[in-house]
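What follows is a single structure, written as structure tokens, with notes after it.
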Amino acid sequence: MVIPRLVIAAPASGHGKTTVATGVMAALRGRGIDVAPFKVGPDYIDPGYHTLAAGRPGRNLDPFLCGEELMAPLLLHGASGADVAVVEGVMGLFDGRLGSDGFASTAHVARLIGAPVVLVVDARHTSRSVGALVLGMATFDPDIRIGGVVLNQIGSSRHEAEARAAVERVGVPVLGSLPRNLEIEAPSRHLGLVPAAERDDAGIVAMGDVVAAHVDLDALLALAGTAPPLAAEPWRPPLAPPRGAGATGRPRVAVAGGRAFTFRYAETDELLIAGGCEPVVFDPLTDTALPAGTAGLWLGGGFPEVHARELAANTELLAAIRDAIAAGVPTVAECAGLLYLCRELDGEAMVGALPGTSAMTARLTMGYREATVETDTLLGRVGETVTGHEFHRTAAAPGDQPAWLLDGRPDGVATPTIHASYLHTHWAGHPQLAQRFTDAVHRWRDEATAAPDTAPEPDLAHHGDSDLAPGLVDFAVNVRRGRTPGWLVDAITRDAADWAAYPDPAPARSAIAAHHGVDEDMVLPVAGAAEAFTLIARALDGAAVVIHPQFTEPEAALVAAGRSPLRHLLSAADGFRLDPDAVPAADLVVVGNPTNPTGVLHRRGDLLALRAGTLVVDEAFLDAVPGEPESLIGGDMSRRIVLRSLTKTWALAGIRAGYVVGDPRTIALLAAQQPPWSVSTPAVAATVACLSQGRRDEARRLAAAAEAARADLAGRLRGIGLAPVDGAAPFVLVDTASIAPGSLREALAARGYAVRRGESFPGLGPTWLRLAARTPDHHAGLVAALVDIMETLCSRN
């Protein structure tokens with residue numbers, strides 16, 4: 001696989017790697033280039049800066065933590081859909097684990113991923129000698145290619161000229177020089193840089209501006225483009241939820257975040273999702289309760305010692321965590337998490353789930369570790385070795401049974417449900433740890449919440465036409481006409497003699513592109529949205545989140561492709577509105593707009609704020625909203641794709657006509673999965689006819705009529721005391737629990753009306769009904785039937 005890439009390294013720590021790497025990421029992003037950021041080694045803090053600069057999760061590449069064989073797969077996974085990968089090194093270029101001949105060094109990782117190196121050199125105390133330094137670095141290891149140098153801390157133009165000439169004399173180009181400017185350096189404290197979560201974005205912007213002004217970005221991109229193809233496949237989380245877990249939904253894992261708990265590898269959440277769990281981030285500094293439904297706790301690293309007084313003041317949350325652990329909720333705590341679970345930290349009261357205390361010391365404990373266990377624990381098993389790293393200036397004595405033996409030394413504490421230690425582990429390198437934890441979370445949730453009346457799993461294959469029967473008025477199917485318009489039938493059948501030839505989708509592609517004002521390589525005609533979701537499930541890798549309640553086909557397609565998507569449920573309490581900060585980050589996020597079945601129209605800004613490698617928006621009903629507001633279709637669709645359907649407005653359910661608009665690279669991935677001739681000749685003709693200039697006025701009239709029909713139906717429902725969900729689609733979602741505790745579907749069918757059952761959508765129950773907007777007469781009849789049901793039930797009581 002091909003991904004342009006480069007490594008930004010230095011002769012030693014302190015030369016400005018982080019400033020240059022972060023600045024390069026921000027500067028490239030400012031040009032509209034999608035940058036995948038990486039950091040060599042176990043460090044958590046630098047990837048936080050990278051995340052802010054690149055707008056994508058910063059990830060780590062560490063052969064000691066994950067194994068040499070995973071370096072290229074993890075790079076390809078993290079760089080999926082990106083234009084270039086930028087990797088910041090660690091320490092000096094050739095400095096790795098002591099006594100290991102450079103294992104896990106920047107040079108080691110550069111070799112494993114086949115990337116050229118850009119060397120950052122601090123020239124404050126030298127000038128011409130920089131050339132000798134670069135020559136030595138460039139020739140020390142013939143397998144490492146130093147493709148350029150960035151001079152840092154340049155004092156004057158004469159200083160730059162002297163250093164630049166010396167470097168270029170040894171045959172290495174100078175790609176830029178940064179003047180002395182302490183305003184763009186990140187501040188430090190006892191464990192290194194201050195985490196990005198504790199700073200605003202101004203410093204990142206400044207780094208990007210300085211790099212853009214003083215570094216040849218085009219030369220950097222050209223150098224990255226010389227990296228050879230990688231003979232590897234992208235990493236995928238090798239976990240699976242327990243058999244039958246999908247029937248009971250995803251248990252929630254409360255993941256500590258915020259300013260005090262900033263250390264977590266991006267793959268941790270992805271492994272939790274692959275294991276069938278839903279990671280939900282909470283902030284121990286501000287949240288007074290654990291997320292609802294918490295069945296597991298993951299407390300990572302950070303700086304609780306800096307925020308100890310604030311953490312101690314949040315007594316409600318401390319009690320909630322203490323109670324959860326006492327109830328047996330499986331809990332993993334690394335470093336900061338260990339300190340948080342102790343009785344106290346630097347004299348401040350903490351959770352108290354562990355009996356010991358902890359405190360700051362003058363001694364820094366740091367280094368790679370090999371961990372074993374004396375007995376089976378929540379995570380570890382006797383006889384296996386796990387790699388990790390330590391990095392702290394505190395000391396803790398939490399209990400008797402150690403979680404790990406670190407190079408033979410006891411560390412932390414383990415109980416049947418708690419695993420707390422100073423050791424940081426990268427679960428991508430040891431996925432068995434993630435599997436054991438997620439299995440324990442499932443077991444605890446199932447034991448704690450098992451009940452005979454547990455609601456059945458929704459039938460993802462259910463469709464509204466299954467609720468129809470002869471003689472019933474159709475409120476179940478969202479196709480807005482009973483017959484295809486005559487002019488459209490004529491357009492489809494006009495060239496019926498051509499049906500003997502294989503279909504050519506080119507006219508449809510051209511019509512779609514012209515209709516939306518985009519390039520043709522941004523368009524893919526499909527046999528309806530169902531085919532589009534199947535192509536997406538097959539073509540786009542990684543962890544997936546489906547925002548529910550919504551059309552079930554996206555999740556059904558992902559499950560059919562062997563995927564385990566995470567469900568994120570919107571709440572009826574706030575009108576099923578979208579809070580992008582509450583949705584977990586994922587490689588693939590799928591959402592409807594307006595959403596079927598809620599009808600809610602999400603704001604464009606909220607959609608774009610979702611943390612998605614690729615955002616998939618189903619706009620199948622947006623053509624029924626006057627003006628098509630909040631659409632994500634436009635000239636720049638990087639990292640997003642939009643689905644449209646012609647089925648509903650133009651009564652084409654039997655022909656299956658739709659299309660996808662998106663980034664050309666993503667469209668090409670989908671097209672590679674599409675079977676030949678899947679879009680029929682009648683569907684091509686229908687697409688061209690429906691999107692023609694002459695049909696735009698009719699489409700606008702139909703949208704206005706749909707808006708009026710929805711308003712009429714919703715108003716009549718409110719008139720009998722119901723509260724339909726506020727929305728913009730040509731259907732209405734309403735909860736009838738105030739009429740009866742169960743479904744009214746059969747009672748309405750007995751009175752001549754077919755409706756779409758709510759329990760067929762994840763996140764809804766049987767009292768919810770989705771009602772297609774029809775004519776005022778039909779609305780009046782349906783509401784009269786509901787009133788009759790209410791009166792009948794009242795008379796029985």
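To be explicit about the labels: the chains of the structure tokens are called A, B, and onward in the order shown, and within each one the residues are counted from 1, while ligands get numbers from 1 in the order they are shown.
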Close residues, Gly301 in chain A itself excluded, 6 Å, only C-alpha atoms, min 6 positions apart in chain, as a PyMOL selection string: chain A and resi 261+263+334-336
Selection near range 344-361 of chain A, 8 Å with only C-alpha atoms, sequence-local residues under 3 positions removed, as a list in words: Glu305, Ala308, Arg309, Leu311, Ala312, Leu318, Ala319, Ile321, Arg322, Ile325, Ala326, Leu339, Tyr340, Leu341, Leu364, Arg393, Thr394, Ala395, Ala396, Ala397, Pro398 and Gly399 of chain A
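Note that CA of Ser127 in chain A and CA of His159 in chain A are 6.4 Å apart.
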Each range 616-690 of chain A residue no farther than 10 Å from range 706-713 of chain A, nearest pair in Å, only C-alpha atoms, as a tab-separated table:
residue	atom	partner	partner_atom	distance
A:Asp623	CA	A:Ala706	CA	9.9
A:Ala624	CA	A:Ala706	CA	6.2
A:Val625	CA	A:Glu707	CA	6.8
A:Pro626	CA	A:Glu707	CA	7.6
A:Thr649	CA	A:Ala706	CA	9.5
Of the residues A:Ile547, A:Asp777, A:Gly599, A:Gly721, which is the one nearest to Ala582 in chain A, using only C-alpha atoms? A:Ile547
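Compared by their closest atoms to Ala508 in chain A, and using only C-alpha atoms, the residues A:Gly658, A:Pro584, A:Pro173, A:Pro597 rank with A:Gly658 nearest.
Residues surrounding Asp209 in chain A within 12 Å are Thr19, Val20, Thr22, Gly23, Val24, Met25, Ala26, Ala27, Leu28, Arg29, Gly30, Arg31, Ala53, Leu178, Glu183, Ile184, Ala202, Gly203, Ile204, Val205, Ala213, His214, Val215 and Leu217 of chain A [only C-alpha atoms; sequence separation below 4 positions excluded].
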Can you tell me which residues surround Leu52 in chain A at a distance of at most 9 Å, considering only C-alpha atoms, apart from same-chain residues fewer than 2 positions away, and format the answer as a ChimeraX atom specification? /A:22,26,47-50,54-58,196,201,204
Okay, now the selection with N, CA, C and O atoms, as a tab-separated table (two decimals), in the first residue's frame?
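The result, stored in result-v1.tsv:
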chain	number	residue	atom	x	y	z
A	22	THR	N	4.95	19.40	14.92
A	22	THR	CA	3.61	19.93	15.13
A	22	THR	C	3.35	21.08	14.17
A	22	THR	O	2.25	21.21	13.60
A	26	ALA	N	0.38	21.33	11.34
A	26	ALA	CA	-0.58	22.43	11.29
A	26	ALA	C	-0.49	23.20	9.98
A	26	ALA	O	-1.51	23.60	9.41
A	47	PRO	N	1.57	13.35	21.06
A	47	PRO	CA	0.41	13.08	20.20
A	47	PRO	C	-0.79	13.97	20.49
A	47	PRO	O	-1.62	14.19	19.61
A	48	GLY	N	-0.89	14.51	21.73
A	48	GLY	CA	-1.96	15.46	22.00
A	48	GLY	C	-1.81	16.72	21.19
A	48	GLY	O	-2.79	17.27	20.65
A	49	TYR	N	-0.57	17.22	21.06
A	49	TYR	CA	-0.31	18.38	20.21
A	49	TYR	C	-0.57	18.03	18.74
A	49	TYR	O	-1.13	18.82	17.98
A	50	HIS	N	-0.15	16.83	18.35
A	50	HIS	CA	-0.37	16.40	16.97
A	50	HIS	C	-1.87	16.38	16.63
A	50	HIS	O	-2.27	16.73	15.51
A	54	ALA	N	-3.29	18.39	13.50
A	54	ALA	CA	-3.71	17.67	12.30
A	54	ALA	C	-5.22	17.48	12.20
A	54	ALA	O	-5.74	17.19	11.13
A	55	GLY	N	-5.92	17.57	13.34
A	55	GLY	CA	-7.35	17.30	13.31
A	55	GLY	C	-7.67	15.83	13.20
A	55	GLY	O	-8.82	15.46	12.91
A	56	ARG	N	-6.68	14.98	13.42
A	56	ARG	CA	-6.86	13.52	13.45
A	56	ARG	C	-6.16	13.00	14.70
A	56	ARG	O	-5.24	13.64	15.21
A	57	PRO	N	-6.57	11.83	15.21
A	57	PRO	CA	-5.93	11.32	16.43
A	57	PRO	C	-4.43	11.10	16.24
A	57	PRO	O	-4.00	10.46	15.28
A	58	GLY	N	-3.63	11.65	17.16
A	58	GLY	CA	-2.21	11.34	17.17
A	58	GLY	C	-1.99	9.92	17.64
A	58	GLY	O	-2.60	9.47	18.61
A	196	ALA	N	-1.54	19.06	25.81
A	196	ALA	CA	-2.32	19.97	24.95
A	196	ALA	C	-3.70	20.24	25.53
A	196	ALA	O	-4.27	21.30	25.29
A	201	ASP	N	-5.51	26.56	21.56
A	201	ASP	CA	-4.96	26.23	20.24
A	201	ASP	C	-4.01	27.30	19.72
A	201	ASP	O	-3.42	27.12	18.64
A	204	ILE	N	-0.50	26.15	18.87
A	204	ILE	CA	-0.45	25.28	17.69
A	204	ILE	C	-0.52	26.12	16.42
A	204	ILE	O	0.21	25.88	15.45
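Contact shell of Leu299 in chain A at 8 Å (only C-alpha atoms; same-chain neighbours under 4 positions omitted): Val255, Ala256, Phe261, Thr331, Val332, Ala333, Glu334, Ala336, Gly337 and Leu338 of chain A.
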Just all heavy atoms for this one: save the residues we selected as an mmCIF file, in the first residue's frame.
data_model
loop_
_atom_site.group_PDB
_atom_site.id
_atom_site.type_symbol
_atom_site.label_atom_id
_atom_site.label_comp_id
_atom_site.auth_asym_id
_atom_site.auth_seq_id
_atom_site.Cartn_x
_atom_site.Cartn_y
_atom_site.Cartn_z
ATOM 1 N N VAL A 255 -14.444 5.946 30.557
ATOM 2 C CA VAL A 255 -13.030 6.211 30.307
ATOM 3 C C VAL A 255 -12.693 7.599 30.847
ATOM 4 O O VAL A 255 -13.290 8.595 30.434
ATOM 5 C CB VAL A 255 -12.724 6.134 28.795
ATOM 6 C CG1 VAL A 255 -11.265 6.477 28.530
ATOM 7 C CG2 VAL A 255 -13.057 4.743 28.261
ATOM 8 N N ALA A 256 -11.736 7.661 31.777
ATOM 9 C CA ALA A 256 -11.367 8.946 32.370
ATOM 10 C C ALA A 256 -10.690 9.836 31.337
ATOM 11 O O ALA A 256 -9.819 9.399 30.581
ATOM 12 C CB ALA A 256 -10.443 8.734 33.561
ATOM 13 N N PHE A 261 -6.530 13.474 33.175
ATOM 14 C CA PHE A 261 -6.327 12.122 32.634
ATOM 15 C C PHE A 261 -6.225 12.208 31.112
ATOM 16 O O PHE A 261 -7.179 11.928 30.388
ATOM 17 C CB PHE A 261 -7.471 11.195 33.054
ATOM 18 C CG PHE A 261 -7.498 10.888 34.522
ATOM 19 C CD1 PHE A 261 -8.168 11.721 35.396
ATOM 20 C CD2 PHE A 261 -6.840 9.784 35.030
ATOM 21 C CE1 PHE A 261 -8.191 11.462 36.761
ATOM 22 C CE2 PHE A 261 -6.855 9.506 36.391
ATOM 23 C CZ PHE A 261 -7.525 10.354 37.265
ATOM 24 N N THR A 331 -12.264 -2.963 36.486
ATOM 25 C CA THR A 331 -11.571 -1.680 36.475
ATOM 26 C C THR A 331 -10.105 -1.864 36.131
ATOM 27 O O THR A 331 -9.411 -2.686 36.740
ATOM 28 C CB THR A 331 -11.679 -0.997 37.855
ATOM 29 O OG1 THR A 331 -13.058 -0.807 38.173
ATOM 30 C CG2 THR A 331 -10.964 0.341 37.857
ATOM 31 N N VAL A 332 -9.637 -1.087 35.151
ATOM 32 C CA VAL A 332 -8.223 -1.032 34.798
ATOM 33 C C VAL A 332 -7.730 0.378 35.105
ATOM 34 O O VAL A 332 -8.357 1.354 34.692
ATOM 35 C CB VAL A 332 -7.995 -1.373 33.313
ATOM 36 C CG1 VAL A 332 -6.547 -1.107 32.914
ATOM 37 C CG2 VAL A 332 -8.353 -2.822 33.041
ATOM 38 N N ALA A 333 -6.616 0.469 35.849
ATOM 39 C CA ALA A 333 -6.061 1.770 36.212
ATOM 40 C C ALA A 333 -4.565 1.762 35.935
ATOM 41 O O ALA A 333 -3.845 0.901 36.451
ATOM 42 C CB ALA A 333 -6.326 2.067 37.685
ATOM 43 N N GLU A 334 -4.109 2.708 35.107
ATOM 44 C CA GLU A 334 -2.693 2.821 34.758
ATOM 45 C C GLU A 334 -2.125 4.126 35.298
ATOM 46 O O GLU A 334 -2.600 5.206 34.941
ATOM 47 C CB GLU A 334 -2.500 2.773 33.239
ATOM 48 C CG GLU A 334 -2.783 1.428 32.618
ATOM 49 C CD GLU A 334 -2.387 1.372 31.141
ATOM 50 O OE1 GLU A 334 -2.053 2.429 30.559
ATOM 51 O OE2 GLU A 334 -2.411 0.269 30.575
ATOM 52 N N ALA A 336 -1.714 7.221 36.627
ATOM 53 C CA ALA A 336 -2.600 8.198 37.250
ATOM 54 C C ALA A 336 -3.837 7.532 37.823
ATOM 55 O O ALA A 336 -4.325 7.903 38.898
ATOM 56 C CB ALA A 336 -2.997 9.269 36.239
ATOM 57 N N GLY A 337 -4.359 6.531 37.100
ATOM 58 C CA GLY A 337 -5.517 5.798 37.606
ATOM 59 C C GLY A 337 -5.225 5.094 38.908
ATOM 60 O O GLY A 337 -6.070 5.035 39.808
ATOM 61 N N LEU A 338 -4.018 4.535 39.034
ATOM 62 C CA LEU A 338 -3.591 3.894 40.281
ATOM 63 C C LEU A 338 -3.614 4.903 41.431
ATOM 64 O O LEU A 338 -4.140 4.625 42.518
ATOM 65 C CB LEU A 338 -2.185 3.312 40.104
ATOM 66 C CG LEU A 338 -1.434 2.892 41.370
ATOM 67 C CD1 LEU A 338 -2.076 1.667 41.990
ATOM 68 C CD2 LEU A 338 0.038 2.610 41.050
#
Proximity of range 57-117 of chain A to range 224-237 of chain A: per-residue shortest pair, 12 Å limit, only C-alpha atoms, as CSV:
residue,atom,partner,partner_atom,distance
A:Cys66,CA,A:Trp235,CA,11.6
A:Glu69,CA,A:Ala232,CA,9.3
A:Leu70,CA,A:Trp235,CA,7.4
A:Met71,CA,A:Trp235,CA,9.2
A:Ala72,CA,A:Ala232,CA,6.3
A:Pro73,CA,A:Pro234,CA,4.3
A:Leu74,CA,A:Trp235,CA,5.3
A:Leu75,CA,A:Pro234,CA,7.4
A:Leu76,CA,A:Pro234,CA,4.8
A:His77,CA,A:Pro234,CA,4.6
A:Gly78,CA,A:Pro234,CA,8.2
A:Ala79,CA,A:Pro234,CA,9.0
A:Ser80,CA,A:Pro234,CA,8.1
A:Gly81,CA,A:Pro234,CA,11.6
A:Asp83,CA,A:Gly225,CA,9.9
A:Val84,CA,A:Ala224,CA,7.3
A:Ala85,CA,A:Ala224,CA,8.1
A:Val86,CA,A:Ala224,CA,8.5
A:Val87,CA,A:Ala224,CA,10.8
A:Ala110,CA,A:Ala227,CA,10.5
A:Arg111,CA,A:Ala227,CA,11.0
A:Leu112,CA,A:Leu230,CA,9.5
A:Ile113,CA,A:Leu230,CA,7.2
A:Gly114,CA,A:Ala227,CA,6.3
A:Ala115,CA,A:Ala227,CA,5.5
A:Pro116,CA,A:Ala227,CA,6.6
A:Val117,CA,A:Ala224,CA,9.0
Can you list, as a ChimeraX atom specification, every residue of range 174-414 of chain A that DSSP puts in helix (DSSP H, G or I)? /A:182-184,196-198,202-214,217-224,245-248,266-274,308-313,315-326,336-341
Wanna dump the range 589-651 of chain A-range 550-569 of chain A contacts at 10 Å for me, each residue with its shortest atom pair and the distance in Å to one decimal, counting only C-alpha atoms, ordered by chain and number, as JSON lines?
{"residue": "A:Val589", "atom": "CA", "partner": "A:Leu566", "partner_atom": "CA", "distance": 9.4}
{"residue": "A:Val590", "atom": "CA", "partner": "A:Pro554", "partner_atom": "CA", "distance": 7.4}
{"residue": "A:Val591", "atom": "CA", "partner": "A:Gln550", "partner_atom": "CA", "distance": 7.4}
{"residue": "A:Gly592", "atom": "CA", "partner": "A:Gln550", "partner_atom": "CA", "distance": 6.5}
{"residue": "A:Asn593", "atom": "CA", "partner": "A:Gln550", "partner_atom": "CA", "distance": 9.4}
{"residue": "A:Pro594", "atom": "CA", "partner": "A:Gln550", "partner_atom": "CA", "distance": 9.5}
{"residue": "A:Thr595", "atom": "CA", "partner": "A:Gln550", "partner_atom": "CA", "distance": 5.8}
{"residue": "A:Asn596", "atom": "CA", "partner": "A:Gln550", "partner_atom": "CA", "distance": 4.9}
{"residue": "A:Pro597", "atom": "CA", "partner": "A:Gln550", "partner_atom": "CA", "distance": 5.7}
{"residue": "A:Thr598", "atom": "CA", "partner": "A:Gln550", "partner_atom": "CA", "distance": 7.3}
{"residue": "A:Gly599", "atom": "CA", "partner": "A:Gln550", "partner_atom": "CA", "distance": 9.3}
{"residue": "A:Val616", "atom": "CA", "partner": "A:Pro554", "partner_atom": "CA", "distance": 9.7}
{"residue": "A:Asp618", "atom": "CA", "partner": "A:Phe551", "partner_atom": "CA", "distance": 8.9}
